[in-house]
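Next comes target38.txt, with compact mmCIF, C-alpha atoms.
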# COMPACT_ATOMS: atom_id res chain seq x y z
CA MET A 991 17.21 41.47 37.26
CA ALA A 992 13.56 42.08 38.11
CA PRO A 993 11.01 42.12 35.28
CA ILE A 994 9.65 45.51 34.39
CA PRO A 995 5.99 45.79 35.41
CA GLY A 996 3.70 45.59 32.36
CA SER A 997 6.37 44.15 30.01
CA GLY A 998 4.25 41.01 29.38
CA LEU A 999 1.34 43.22 28.33
CA ALA A 1000 3.59 45.18 25.98
CA LYS A 1001 4.91 41.98 24.36
CA GLY A 1002 1.37 40.69 23.85
CA LEU A 1003 0.23 43.96 22.31
CA ALA A 1004 3.28 43.95 20.00
CA VAL A 1005 2.33 40.51 18.68
CA THR A 1006 -1.26 41.69 18.20
CA LEU A 1007 -0.17 44.80 16.29
CA ARG A 1008 2.17 42.79 14.04
CA THR A 1009 -0.65 40.37 13.23
CA MET A 1010 -3.15 43.16 12.59
CA THR A 1011 -0.93 44.81 9.99
CA LYS A 1012 -0.52 41.64 7.89
CA LYS A 1013 -2.94 41.01 5.05
CA SER A 1014 -5.25 38.11 5.89
CA VAL A 1015 -5.58 35.25 3.43
CA THR A 1016 -8.94 33.55 3.33
CA ALA A 1017 -9.39 30.29 1.47
CA GLN A 1018 -12.51 30.59 -0.65
CA TYR A 1019 -13.25 26.90 -0.18
CA PRO A 1020 -16.44 26.11 -2.05
CA ASP A 1021 -15.42 28.27 -5.01
CA ALA A 1022 -11.73 27.34 -5.10
CA GLN A 1023 -10.78 23.75 -4.33
CA PRO A 1024 -7.81 23.37 -1.98
CA HIS A 1025 -4.54 21.95 -3.29
CA LEU A 1026 -4.17 18.57 -1.59
CA PRO A 1027 -0.93 16.64 -1.15
CA PRO A 1028 -0.62 13.51 -3.31
CA ARG A 1029 -1.00 11.11 -0.37
CA THR A 1030 -4.18 12.67 1.00
CA ARG A 1031 -6.46 10.22 2.79
CA GLY A 1032 -9.98 11.04 1.78
CA VAL A 1033 -12.28 8.14 1.06
CA ILE A 1034 -11.56 4.49 0.20
CA GLY A 1035 -12.31 3.28 -3.31
CA LEU A 1036 -12.99 -0.36 -4.23
CA PHE A 1037 -11.69 -1.97 -7.42
CA GLU A 1038 -14.18 -4.82 -7.34
CA GLU A 1039 -12.58 -6.88 -10.11
CA ASN A 1040 -9.50 -7.46 -7.93
CA CYS A 1041 -11.42 -8.44 -4.79
CA THR A 1042 -11.22 -12.17 -4.08
CA VAL A 1043 -13.25 -11.95 -0.84
CA CYS A 1044 -10.25 -13.03 1.22
CA MET A 1045 -11.64 -10.96 4.14
CA LEU A 1046 -8.19 -9.72 5.21
CA CYS A 1047 -9.32 -6.09 5.16
CA ALA A 1048 -12.33 -6.80 7.40
CA ARG A 1049 -10.30 -8.92 9.83
CA GLU A 1050 -7.47 -6.41 10.18
CA CYS A 1051 -9.70 -3.33 10.54
CA PRO A 1052 -9.35 -2.10 14.14
CA ASP A 1053 -12.80 -0.47 14.02
CA TRP A 1054 -14.64 -3.37 12.37
CA CYS A 1055 -16.22 -0.93 9.93
CA ILE A 1056 -15.89 -3.13 6.80
CA TYR A 1057 -18.80 -5.45 6.04
CA ILE A 1058 -18.35 -8.24 3.49
CA ASP A 1059 -20.86 -10.88 2.41
CA SER A 1060 -20.10 -13.55 -0.16
CA HIS A 1061 -21.13 -16.95 -1.41
CA LYS A 1062 -19.31 -19.82 -3.09
CA GLU A 1063 -19.88 -20.73 -6.72
CA THR A 1064 -18.83 -23.98 -8.32
CA ILE A 1065 -16.98 -23.69 -11.60
CA PRO A 1066 -17.20 -26.74 -13.87
CA ALA A 1067 -14.02 -28.60 -14.77
CA ALA A 1068 -12.02 -27.02 -17.58
CA ALA A 1069 -10.96 -30.36 -19.05
CA PRO A 1070 -12.84 -33.65 -19.13
CA GLY A 1071 -11.98 -35.73 -16.11
CA GLY A 1072 -10.87 -32.65 -14.15
CA ARG A 1073 -12.37 -31.61 -10.89
CA GLU A 1074 -14.76 -28.78 -10.24
CA ARG A 1075 -13.41 -25.62 -8.62
CA SER A 1076 -15.12 -23.29 -6.23
CA ARG A 1077 -14.60 -19.56 -5.87
CA ASN A 1078 -15.94 -16.83 -3.64
CA VAL A 1079 -18.29 -14.31 -5.20
CA LEU A 1080 -18.71 -10.88 -3.63
CA ASP A 1081 -22.30 -10.10 -2.62
CA ARG A 1082 -21.77 -7.08 -0.38
CA PHE A 1083 -18.82 -4.85 0.37
CA ALA A 1084 -19.55 -1.84 2.57
CA ILE A 1085 -17.49 0.57 4.65
CA ASP A 1086 -19.07 2.55 7.48
CA PHE A 1087 -17.22 5.89 7.34
CA SER A 1088 -18.89 7.02 10.56
CA LEU A 1089 -16.74 4.40 12.32
CA CYS A 1090 -13.64 4.48 10.09
CA MET A 1091 -10.58 6.16 11.56
CA TYR A 1092 -8.77 6.36 8.19
CA CYS A 1093 -5.77 4.38 9.37
CA GLY A 1094 -5.27 2.68 5.99
CA ILE A 1095 -4.61 -0.79 7.38
CA CYS A 1096 -7.25 -2.29 5.07
CA ILE A 1097 -5.48 -0.83 2.03
CA GLU A 1098 -2.06 -2.03 3.17
CA VAL A 1099 -3.12 -5.62 3.91
CA CYS A 1100 -5.09 -6.15 0.67
CA PRO A 1101 -2.91 -8.61 -1.28
CA PHE A 1102 -4.78 -8.07 -4.55
CA ASP A 1103 -4.85 -4.25 -4.74
CA ALA A 1104 -8.60 -3.94 -4.48
CA LEU A 1105 -8.67 -0.94 -2.10
CA PHE A 1106 -7.20 2.51 -2.79
CA TRP A 1107 -7.13 5.94 -1.20
CA SER A 1108 -9.04 8.63 -3.05
CA PRO A 1109 -8.33 12.28 -2.22
CA GLU A 1110 -12.06 13.08 -2.27
CA PHE A 1111 -13.21 14.45 1.05
CA GLU A 1112 -16.60 15.94 0.23
CA TYR A 1113 -18.95 13.13 1.17
CA ALA A 1114 -20.71 14.58 4.18
CA GLU A 1115 -24.26 13.41 4.82
CA THR A 1116 -27.09 14.81 6.91
CA ASP A 1117 -27.95 11.35 8.25
CA ILE A 1118 -25.23 9.22 9.87
CA LEU A 1119 -26.78 6.06 8.42
CA GLU A 1120 -25.92 7.29 4.91
CA LEU A 1121 -22.19 7.21 5.74
CA THR A 1122 -22.19 3.45 5.17
CA HIS A 1123 -21.08 3.28 1.55
CA GLU A 1124 -21.97 0.10 -0.34
CA ARG A 1125 -19.85 -1.34 -3.14
CA ASP A 1126 -21.57 0.71 -5.86
CA LYS A 1127 -20.59 3.96 -4.13
CA LEU A 1128 -17.09 2.64 -3.36
CA ARG A 1129 -16.70 1.71 -7.05
CA GLU A 1130 -17.57 5.31 -8.02
CA TRP A 1131 -14.72 6.60 -5.84
CA MET A 1132 -12.23 4.59 -7.93
CA TRP A 1133 -12.49 7.18 -10.73
CA THR A 1134 -10.99 9.77 -8.40
CA VAL A 1135 -7.96 7.71 -7.36
CA PRO A 1136 -4.81 9.39 -8.70
CA ALA A 1137 -2.35 7.45 -10.84
CA PRO A 1138 0.60 5.96 -8.96
CA PRO A 1139 3.74 8.09 -8.91
CA ALA A 1140 6.23 7.52 -11.69
CA LEU A 1141 9.09 5.17 -11.03
CA ASP A 1142 12.49 6.58 -10.24
CA PRO A 1143 14.23 7.12 -13.60
CA ALA A 1144 17.53 5.97 -12.10
CA ALA A 1145 16.06 2.67 -10.87
CA GLU A 1146 16.64 -0.51 -12.84
CA GLU A 1147 13.80 -1.82 -14.93
CA PRO A 1148 11.61 -4.55 -13.34
CA LYS A 1149 12.52 -8.11 -14.37
CA GLU A 1150 9.01 -8.79 -15.63
CA ILE A 1151 9.16 -5.91 -18.11
CA VAL A 1152 12.63 -6.92 -19.32
CA ALA A 1153 11.47 -10.50 -19.89
CA ALA A 1154 8.31 -9.35 -21.69
CA ARG A 1155 10.31 -7.01 -23.94
CA LYS A 1156 12.78 -9.77 -24.87
CA THR A 1157 9.91 -12.11 -25.73
CA ALA A 1158 8.23 -9.45 -27.84
CA GLU A 1159 11.50 -8.73 -29.67
CA LYS A 1160 12.03 -12.44 -30.40
CA LEU A 1161 8.48 -12.75 -31.76
CA ALA A 1162 8.92 -9.65 -33.91
CA ALA A 1163 12.24 -10.98 -35.25
CA ALA A 1164 10.70 -14.40 -35.97
CA GLN A 1165 7.80 -12.79 -37.86
CA SER A 1166 10.05 -10.48 -39.87
CA GLU A 1167 12.40 -13.31 -41.03
CA PRO A 1168 9.79 -15.15 -43.18
CA GLU A 1169 8.71 -11.82 -44.70
CA GLU A 1170 12.31 -11.04 -45.69
CA GLY A 1171 12.75 -14.51 -47.25
CA GLN A 1172 9.64 -13.99 -49.41
CA ALA A 1173 10.77 -10.64 -50.81

I'd like the structure from this file rewritten - as structure tokens, please.
Amino acid sequence: MAPIPGSGLAKGLAVTLRTMTKKSVTAQYPDAQPHLPPRTRGVIGLFEENCTVCMLCARECPDWCIYIDSHKETIPAAAPGGRERSRNVLDRFAIDFSLCMYCGICIEVCPFDALFWSPEFEYAETDILELTHERDKLREWMWTVPAPPALDPAAEEPKEIVAARKTAEKLAAAQSEPEEGQA
């Protein structure tokens, strides 16, 4: 069967008319913040206390946009006759968000949970050089990191929590026994 001449034009106009009759919905972005999904990838926050300067995040970054500088400090021996220990101290931790492709590899490979996704996305700058965020700025983003999702209520309790609860109950029972004997 041969197509009717002008049927494509009629179909296109029908779609246009249907769209024109619908009420348009405009997001009033600066005034009303958008609702973001819980796993939104905005900016990376640094929890500096957990960073051991292992450099895994910088080595695994495909864009090489993480800059870390550190130095070693010697810690005196804890006991007499013991040996001194050395530890890495973080001097600089910076992420260049003009290079970052937001893949999240740095967050996944961090063994000490020092890096987290923050849903904040409003960090545009007029100068590209200001998109390199130093550790002070990355620390500020930590306040915007959402709490982790709740555990599944049907899941069994972690072994660590069970062991800690048993220990606490034993200590409470041991402390209450002498009190009962005195009364």

Query raised in the report: Near range 1010-1025 of chain A, counting only C-alpha atoms, which residues have an atom at most 12 Å away, once you skip same-chain residues fewer than 5 positions from it, shown as an MDAnalysis selection string?
Result: chainID A and resid 1003:1005 1030 1109:1112

Since we have the selection now, will you write its residues out, keeping C-alpha atoms, as a short mmCIF file (atom, residue, chain, number, x, y, z; two decimals), keeping the file's coordinate frame?
data_model
loop_
_atom_site.label_atom_id
_atom_site.label_comp_id
_atom_site.auth_asym_id
_atom_site.auth_seq_id
_atom_site.Cartn_x
_atom_site.Cartn_y
_atom_site.Cartn_z
CA LEU A 1003 0.23 43.96 22.31
CA ALA A 1004 3.28 43.95 20.00
CA VAL A 1005 2.33 40.51 18.68
CA THR A 1030 -4.18 12.67 1.00
CA PRO A 1109 -8.33 12.28 -2.22
CA GLU A 1110 -12.06 13.08 -2.27
CA PHE A 1111 -13.21 14.45 1.05
CA GLU A 1112 -16.60 15.94 0.23
#

Query raised in the report: Quick one: residues within 10 Å of Gly1035 in chain A, all atoms listed in the file counted, chain neighbours fewer than 5 positions away excluded, as a list in words?
Result: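 Result of the neighbour search: Ile1085, Ile1097, Ala1104, Leu1105, Phe1106, Trp1107, Ser1108, Pro1109, Glu1110, Arg1125, Asp1126, Lys1127, Leu1128, Arg1129, Glu1130, Trp1131, Met1132, Trp1133, Thr1134 and Val1135 of chain A.
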
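CA of Ala1137 in chain A to CA of Tyr1092 in chain A spans 20.1 Å [interatomic distance, one decimal].
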
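The nearest approach to Tyr1113 in chain A among the residues A:Phe1087, A:Met1045, A:Asp1053, A:Leu1007, with all atoms listed in the file taken into account, belongs to A:Phe1087.
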
Query raised in the report: Pick the closest to Arg1077 in chain A from A:Thr1042, A:Met1091, A:Tyr1057, A:Ala1048: which is it, counting only C-alpha atoms?
Result: A:Thr1042

Query raised in the report: So which residues fall inside 6 Å of (-18.8, -26.7, -7.1) if we count only C-alpha atoms? Mind giving them as a list in words?
Result: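 These residues have at least one counted atom within 6 Å: Thr1064, Ile1065, Glu1074, Arg1075 and Ser1076 of chain A.
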
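Relative to CA of Val1099 in chain A, CA of Ala1144 in chain A is found at 28.6 Å.
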
Query raised in the report: CA of Glu1120 in chain A to CA of Ser1088 in chain A: how many Å, to one decimal?
Result: 9.0 Å

Requested in this report: Give the answer as one residue: which of A:Ile1056, A:Ala1068, A:Ala1158, A:Ala1084 has the shortest atom-to-atom distance to Glu1124 in chain A, using only C-alpha atoms?
Outcome: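 Comparing A:Ile1056, A:Ala1068, A:Ala1158, A:Ala1084 against Glu1124 in chain A, the winner is A:Ala1084.
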
Working from the structure I just supplied, which lacks atoms in range 1133-1153 of chain A, can you model N, CA and C atoms there and output them as an mmCIF file, in the coordinates of the input?
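Result written to out30.cif:
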data_model
loop_
_atom_site.group_PDB
_atom_site.id
_atom_site.type_symbol
_atom_site.label_atom_id
_atom_site.label_comp_id
_atom_site.auth_asym_id
_atom_site.auth_seq_id
_atom_site.Cartn_x
_atom_site.Cartn_y
_atom_site.Cartn_z
ATOM 1 N N TRP A 1133 -12.804 6.249 -9.632
ATOM 2 C CA TRP A 1133 -12.490 7.180 -10.730
ATOM 3 C C TRP A 1133 -11.711 8.380 -10.242
ATOM 4 N N THR A 1134 -11.699 8.609 -8.937
ATOM 5 C CA THR A 1134 -10.990 9.770 -8.400
ATOM 6 C C THR A 1134 -9.623 9.404 -7.831
ATOM 7 N N VAL A 1135 -9.263 8.136 -7.882
ATOM 8 C CA VAL A 1135 -7.960 7.710 -7.360
ATOM 9 C C VAL A 1135 -6.873 8.185 -8.311
ATOM 10 N N PRO A 1136 -5.873 8.908 -7.809
ATOM 11 C CA PRO A 1136 -4.810 9.390 -8.700
ATOM 12 C C PRO A 1136 -3.927 8.236 -9.181
ATOM 13 N N ALA A 1137 -3.272 8.449 -10.304
ATOM 14 C CA ALA A 1137 -2.350 7.450 -10.840
ATOM 15 C C ALA A 1137 -1.166 7.303 -9.891
ATOM 16 N N PRO A 1138 -0.557 6.126 -9.845
ATOM 17 C CA PRO A 1138 0.600 5.960 -8.960
ATOM 18 C C PRO A 1138 1.746 6.846 -9.422
ATOM 19 N N PRO A 1139 2.624 7.236 -8.509
ATOM 20 C CA PRO A 1139 3.740 8.090 -8.910
ATOM 21 C C PRO A 1139 4.662 7.348 -9.876
ATOM 22 N N ALA A 1140 5.316 8.114 -10.710
ATOM 23 C CA ALA A 1140 6.230 7.520 -11.690
ATOM 24 C C ALA A 1140 7.405 6.866 -10.967
ATOM 25 N N LEU A 1141 7.925 5.835 -11.609
ATOM 26 C CA LEU A 1141 9.090 5.170 -11.030
ATOM 27 C C LEU A 1141 10.304 6.075 -11.103
ATOM 28 N N ASP A 1142 11.247 5.820 -10.249
ATOM 29 C CA ASP A 1142 12.490 6.580 -10.240
ATOM 30 C C ASP A 1142 13.227 6.323 -11.547
ATOM 31 N N PRO A 1143 13.566 7.354 -12.311
ATOM 32 C CA PRO A 1143 14.230 7.120 -13.600
ATOM 33 C C PRO A 1143 15.588 6.448 -13.456
ATOM 34 N N ALA A 1144 16.215 6.581 -12.299
ATOM 35 C CA ALA A 1144 17.530 5.970 -12.100
ATOM 36 C C ALA A 1144 17.431 4.505 -11.670
ATOM 37 N N ALA A 1145 16.222 4.048 -11.331
ATOM 38 C CA ALA A 1145 16.060 2.670 -10.870
ATOM 39 C C ALA A 1145 16.160 1.707 -12.047
ATOM 40 N N GLU A 1146 16.566 0.472 -11.761
ATOM 41 C CA GLU A 1146 16.640 -0.510 -12.840
ATOM 42 C C GLU A 1146 15.239 -0.989 -13.188
ATOM 43 N N GLU A 1147 15.095 -1.408 -14.421
ATOM 44 C CA GLU A 1147 13.800 -1.820 -14.930
ATOM 45 C C GLU A 1147 13.368 -3.140 -14.266
ATOM 46 N N PRO A 1148 12.069 -3.298 -13.949
ATOM 47 C CA PRO A 1148 11.610 -4.550 -13.340
ATOM 48 C C PRO A 1148 11.887 -5.742 -14.249
ATOM 49 N N LYS A 1149 12.172 -6.891 -13.622
ATOM 50 C CA LYS A 1149 12.520 -8.110 -14.370
ATOM 51 C C LYS A 1149 11.386 -8.562 -15.279
ATOM 52 N N GLU A 1150 10.150 -8.368 -14.840
ATOM 53 C CA GLU A 1150 9.010 -8.790 -15.630
ATOM 54 C C GLU A 1150 8.940 -8.034 -16.954
ATOM 55 N N ILE A 1151 9.212 -6.740 -16.895
ATOM 56 C CA ILE A 1151 9.160 -5.910 -18.110
ATOM 57 C C ILE A 1151 10.296 -6.270 -19.046
ATOM 58 N N VAL A 1152 11.478 -6.521 -18.491
ATOM 59 C CA VAL A 1152 12.630 -6.920 -19.320
ATOM 60 C C VAL A 1152 12.329 -8.233 -20.028
ATOM 61 N N ALA A 1153 11.781 -9.202 -19.299
ATOM 62 C CA ALA A 1153 11.470 -10.500 -19.890
ATOM 63 C C ALA A 1153 10.392 -10.359 -20.965
#
